[in-house]
>>> print(open('entry_36.cif').read())   # mmCIF, C-alpha atoms
data_work
#
loop_
_atom_site.label_atom_id
_atom_site.label_comp_id
_atom_site.auth_asym_id
_atom_site.auth_seq_id
_atom_site.Cartn_x
_atom_site.Cartn_y
_atom_site.Cartn_z
CA MET A 1 -2.88 13.74 20.86
CA LYS A 2 -6.58 13.64 20.10
CA ALA A 3 -8.57 15.40 17.38
CA THR A 4 -12.23 15.10 16.49
CA ILE A 5 -14.02 16.17 13.35
CA THR A 6 -17.36 15.08 12.03
CA ASN A 7 -17.40 11.30 11.68
CA PHE A 8 -13.83 10.67 12.86
CA GLU A 9 -11.91 10.48 16.07
CA LEU A 10 -8.14 10.44 15.72
CA ILE A 11 -5.71 9.34 18.44
CA ILE A 12 -1.96 9.52 17.88
CA ARG A 13 0.11 8.06 20.69
CA LYS A 14 2.71 10.35 22.24
CA GLY A 15 6.24 10.05 20.95
CA LEU A 16 5.30 9.03 17.42
CA ASN A 17 6.86 11.07 14.66
CA ILE A 18 4.54 10.24 11.81
CA LYS A 19 2.29 12.70 9.98
CA SER A 20 0.32 15.47 11.60
CA ARG A 21 -3.27 15.27 12.77
CA GLN A 22 -4.19 17.56 9.88
CA TRP A 23 -2.67 15.11 7.39
CA TRP A 24 -4.67 12.19 8.79
CA LEU A 25 -7.92 14.15 8.95
CA LYS A 26 -7.46 15.44 5.40
CA TYR A 27 -7.06 11.91 4.05
CA LEU A 28 -9.84 10.45 6.17
CA LYS A 29 -12.17 12.98 4.51
CA LYS A 30 -10.82 12.15 1.04
CA ILE A 31 -11.17 8.42 1.59
CA LYS A 32 -14.71 8.87 2.84
CA ALA A 33 -15.60 10.89 -0.28
CA LEU A 34 -14.12 8.23 -2.56
CA LEU A 35 -15.91 5.45 -0.69
CA LEU A 36 -19.18 7.29 -1.24
CA LYS A 37 -18.31 7.46 -4.94
CA HIS A 38 -17.34 3.80 -5.38
CA LEU A 39 -19.28 1.75 -2.85
CA PRO A 40 -22.50 -0.09 -3.62
CA LYS A 41 -25.62 1.70 -2.39
CA SER A 42 -26.06 -0.84 0.41
CA LYS A 43 -22.86 0.37 2.10
CA ILE A 44 -23.13 4.11 1.42
CA ARG A 45 -25.56 4.61 4.30
CA LEU A 46 -22.98 3.22 6.73
CA VAL A 47 -20.29 5.61 5.50
CA LYS A 48 -22.53 8.69 5.43
CA LYS A 49 -24.04 8.35 8.87
CA SER A 50 -21.36 6.62 10.91
CA THR A 51 -18.27 7.60 12.81
CA LEU A 52 -15.03 5.72 13.40
CA THR A 53 -11.92 5.93 15.54
CA LEU A 54 -8.38 5.82 14.16
CA LEU A 55 -5.49 5.03 16.50
CA ILE A 56 -1.89 5.48 15.35
CA THR A 57 0.40 3.53 17.65
CA ASN A 58 3.68 1.62 17.89
CA ASN A 59 4.62 -2.05 17.44
CA THR A 60 4.51 -2.77 21.18
CA GLU A 61 0.87 -1.77 21.56
CA MET A 62 -0.02 -3.33 18.20
CA GLN A 63 1.50 -6.66 19.28
CA LYS A 64 -0.56 -6.60 22.49
CA LEU A 65 -3.75 -5.89 20.54
CA ASN A 66 -2.95 -8.53 17.93
CA TYR A 67 -2.37 -11.11 20.65
CA SER A 68 -5.41 -10.24 22.74
CA HIS A 69 -7.80 -10.24 19.75
CA ARG A 70 -6.25 -12.71 17.29
CA LYS A 71 -3.85 -14.77 19.46
CA ILE A 72 -0.96 -13.79 17.16
CA ASN A 73 2.01 -12.69 19.26
CA LYS A 74 3.65 -10.25 16.85
CA PRO A 75 2.86 -6.76 15.63
CA THR A 76 0.84 -6.30 12.48
CA ASP A 77 0.38 -3.26 10.24
CA VAL A 78 -3.35 -2.62 10.64
CA LEU A 79 -6.21 -3.98 12.72
CA SER A 80 -9.90 -3.21 12.39
CA PHE A 81 -12.55 -3.78 15.02
CA HIS A 82 -16.10 -3.45 13.76
CA LEU A 83 -19.56 -3.89 15.16
CA ASP A 84 -22.04 -6.06 13.31
CA LYS A 85 -24.02 -4.17 10.66
CA THR A 86 -27.16 -3.81 12.81
CA GLU A 87 -25.13 -2.34 15.67
CA GLN A 88 -23.23 -0.07 13.27
CA ILE A 89 -26.50 1.40 12.00
CA LYS A 90 -28.07 1.62 15.46
CA ASN A 91 -25.02 3.25 17.07
CA LYS A 92 -23.87 5.18 14.00
CA TYR A 93 -20.41 3.81 14.70
CA LEU A 94 -18.39 1.68 12.28
CA GLY A 95 -15.61 0.74 14.69
CA ASP A 96 -11.89 1.26 15.20
CA ILE A 97 -8.85 1.16 12.93
CA VAL A 98 -5.40 0.77 14.50
CA ILE A 99 -2.23 1.38 12.47
CA SER A 100 1.33 0.69 13.61
CA ASP A 101 3.59 3.53 12.52
CA GLU A 102 6.71 1.35 12.91
CA LYS A 103 5.31 -1.48 10.80
CA ALA A 104 4.13 0.98 8.15
CA LYS A 105 7.58 2.59 7.92
CA LYS A 106 9.27 -0.80 7.64
CA GLN A 107 6.91 -1.99 4.92
CA ALA A 108 7.25 1.25 2.96
CA ASN A 109 11.04 0.90 3.05
CA GLU A 110 10.89 -2.75 1.95
CA LYS A 111 8.59 -1.89 -0.97
CA HIS A 112 10.52 1.29 -1.82
CA PHE A 113 7.24 3.21 -1.48
CA PRO A 114 6.76 6.62 0.09
CA ILE A 115 5.54 6.27 3.67
CA GLU A 116 2.45 8.31 2.74
CA SER A 117 1.36 5.69 0.21
CA GLU A 118 1.76 2.88 2.71
CA LEU A 119 -0.17 4.75 5.40
CA LEU A 120 -2.99 5.55 2.98
CA MET A 121 -3.16 1.94 1.83
CA LEU A 122 -3.40 0.74 5.44
CA LEU A 123 -6.06 3.32 6.25
CA ILE A 124 -8.17 2.34 3.23
CA HIS A 125 -7.66 -1.34 4.03
CA GLY A 126 -8.84 -0.85 7.61
CA TYR A 127 -11.82 1.25 6.51
CA LEU A 128 -12.92 -1.44 4.06
CA HIS A 129 -12.75 -4.06 6.81
CA LEU A 130 -15.06 -1.89 8.93
CA LEU A 131 -17.50 -1.92 6.02
CA GLY A 132 -17.54 -5.71 5.90
CA TYR A 133 -14.96 -6.40 3.20
CA ASP A 134 -12.54 -9.24 3.78
CA HIS A 135 -9.79 -11.14 1.98
CA ILE A 136 -9.99 -14.66 3.37
CA ILE A 137 -11.74 -16.12 0.31
CA LYS A 138 -10.05 -15.46 -3.04
CA LYS A 139 -13.18 -13.97 -4.65
CA ASP A 140 -13.71 -11.58 -1.73
CA ALA A 141 -10.01 -10.66 -1.69
CA LYS A 142 -10.12 -9.78 -5.38
CA GLN A 143 -13.08 -7.46 -4.79
CA MET A 144 -11.59 -5.85 -1.68
CA PHE A 145 -8.12 -5.26 -3.13
CA ALA A 146 -9.55 -3.92 -6.39
CA LEU A 147 -11.56 -1.32 -4.47
CA GLN A 148 -8.64 -0.57 -2.15
CA ASN A 149 -6.27 0.00 -5.08
CA LYS A 150 -8.80 2.06 -7.01
CA ILE A 151 -9.26 4.45 -4.08
CA LEU A 152 -5.52 4.60 -3.37
CA LEU A 153 -4.69 5.42 -6.98
CA GLU A 154 -7.35 8.13 -7.11
CA ILE A 155 -5.95 9.75 -3.98
CA ILE A 156 -2.35 9.60 -5.17
CA PHE A 157 -2.82 10.60 -8.81
CA TYR A 158 -5.93 12.80 -8.90
#
>>> encode(input="entry_36.cif", output="structure tokens")
Amino acid sequence: MKATITNFELIIRKGLNIKSRQWWLKYLKKIKALLLKHLPKSKIRLVKKSTLTLLITNNTEMQKLNYSHRKINKPTDVLSFHLDKTEQIKNKYLGDIVISDEKAKKQANEKHFPIESELLMLLIHGYLHLLGYDHIIKKDAKQMFALQNKILLEIIFY
């Protein structure tokens, strides 16, 4: 399944039973609006003028991607592939976010969270990575997770 709206391309692999295209597109728009509200001015231009691709897939494909790009031979919940900032601006393309539906369901069950909350958290997390946020260094992680949680809470409760 493939759907395109302004600034987003959405691909959901066949056979996955996880949220409709309309659900994903609705929340991509909401996340974008909240990013525009909360991001520093230096990053707003990237969000306003750039597109991204979101792929919803299974653990098998996610494991292959994780191995080919990170040399980790197991599935992960979310991967982000971004261009450098100059290329993002030039091409008006942030990059790709890949989410494993199976991993998201498992994590939601383990946390006793609704699957929707887990999917939104992964989507926000991937989007922030495309914008240059990371969580390798403790200071950067604190900033990224604070913004991620702020946006997630606004979506869920407001």
>>> residues_near_point(input="entry_36.cif", point="(-15.0, 9.1, 4.0)", cutoff="12 Å", atoms="only C-alpha atoms", output="PyMOL selection string")
chain A and resi 5-8+24-39+43-52+94+123-124+127-128+131+151
>>> atom_distance(input="entry_36.cif", atom1="atom CA of Gly95 of chain A", atom2="atom CA of Gly132 of chain A")
11.1 Å
>>> atom_distance(input="entry_36.cif", atom1="atom CA of Asn149 of chain A", atom2="atom CA of Val78 of chain A")
16.2 Å
>>> residues_around(input="entry_36.cif", residues="Phe145 of chain A", least_positions_apart="2", cutoff="10 Å", atoms="all atoms listed in the file", output="list in words")
Ile124, His125, Leu128, Tyr133, Asp134, His135, Asp140, Ala141, Lys142, Gln143, Leu147, Gln148, Asn149, Lys150 and Ile151 of chain A
>>> resolve_selection(input="entry_36.cif", expression="the PyMOL selection byres ((chain A and resi 71-77) around 9)", output="PDB file with C-alpha atoms, keeping the file's coordinate frame")
ATOM      1  CA  ASN A  58       3.680   1.620  17.890  1.00  0.00           C
ATOM      2  CA  ASN A  59       4.620  -2.050  17.440  1.00  0.00           C
ATOM      3  CA  THR A  60       4.510  -2.770  21.180  1.00  0.00           C
ATOM      4  CA  GLU A  61       0.870  -1.770  21.560  1.00  0.00           C
ATOM      5  CA  MET A  62      -0.020  -3.330  18.200  1.00  0.00           C
ATOM      6  CA  GLN A  63       1.500  -6.660  19.280  1.00  0.00           C
ATOM      7  CA  LYS A  64      -0.560  -6.600  22.490  1.00  0.00           C
ATOM      8  CA  LEU A  65      -3.750  -5.890  20.540  1.00  0.00           C
ATOM      9  CA  ASN A  66      -2.950  -8.530  17.930  1.00  0.00           C
ATOM     10  CA  TYR A  67      -2.370 -11.110  20.650  1.00  0.00           C
ATOM     11  CA  SER A  68      -5.410 -10.240  22.740  1.00  0.00           C
ATOM     12  CA  HIS A  69      -7.800 -10.240  19.750  1.00  0.00           C
ATOM     13  CA  ARG A  70      -6.250 -12.710  17.290  1.00  0.00           C
ATOM     14  CA  VAL A  78      -3.350  -2.620  10.640  1.00  0.00           C
ATOM     15  CA  LEU A  79      -6.210  -3.980  12.720  1.00  0.00           C
ATOM     16  CA  VAL A  98      -5.400   0.770  14.500  1.00  0.00           C
ATOM     17  CA  ILE A  99      -2.230   1.380  12.470  1.00  0.00           C
ATOM     18  CA  SER A 100       1.330   0.690  13.610  1.00  0.00           C
ATOM     19  CA  ASP A 101       3.590   3.530  12.520  1.00  0.00           C
ATOM     20  CA  GLU A 102       6.710   1.350  12.910  1.00  0.00           C
ATOM     21  CA  LYS A 103       5.310  -1.480  10.800  1.00  0.00           C
ATOM     22  CA  ALA A 104       4.130   0.980   8.150  1.00  0.00           C
ATOM     23  CA  GLN A 107       6.910  -1.990   4.920  1.00  0.00           C
ATOM     24  CA  LEU A 122      -3.400   0.740   5.440  1.00  0.00           C
TER      25      LEU A 122
END
>>> axis_aligned_box(input="entry_36.cif", around="segment 77-88 of chain A", padding_each_side="6 Å", output="AutoDock Vina command-line options")
--center_x -13.4 --center_y -3.1 --center_z 13.0 --size_x 39.5 --size_y 18.0 --size_z 17.4
>>> residues_around(input="entry_36.cif", residues="Trp23 of chain A", least_positions_apart="5", cutoff="12 Å", atoms="all atoms listed in the file", output="list of chain:residue names")
A:Ala3, A:Leu10, A:Ile12, A:Ile18, A:Leu28, A:Lys29, A:Lys30, A:Glu116, A:Leu119, A:Leu120
>>> atom_distance(input="entry_36.cif", atom1="atom CA of Ile56 of chain A", atom2="atom CA of Gly126 of chain A")
12.2 Å
>>> closest_residue(input="entry_36.cif", among="A:Leu153, A:Ile115, A:Ile136, A:Leu55", to="Lys19 of chain A", atoms="only C-alpha atoms")
A:Ile115
>>> closest_residue(input="entry_36.cif", among="A:Lys106, A:His112, A:Lys14, A:His129", to="Lys85 of chain A", atoms="all atoms listed in the file")
A:His129
>>> closest_residue(input="entry_36.cif", among="A:Met121, A:Ile11, A:Ile89, A:Leu83", to="Leu54 of chain A", atoms="all atoms listed in the file")
A:Ile11
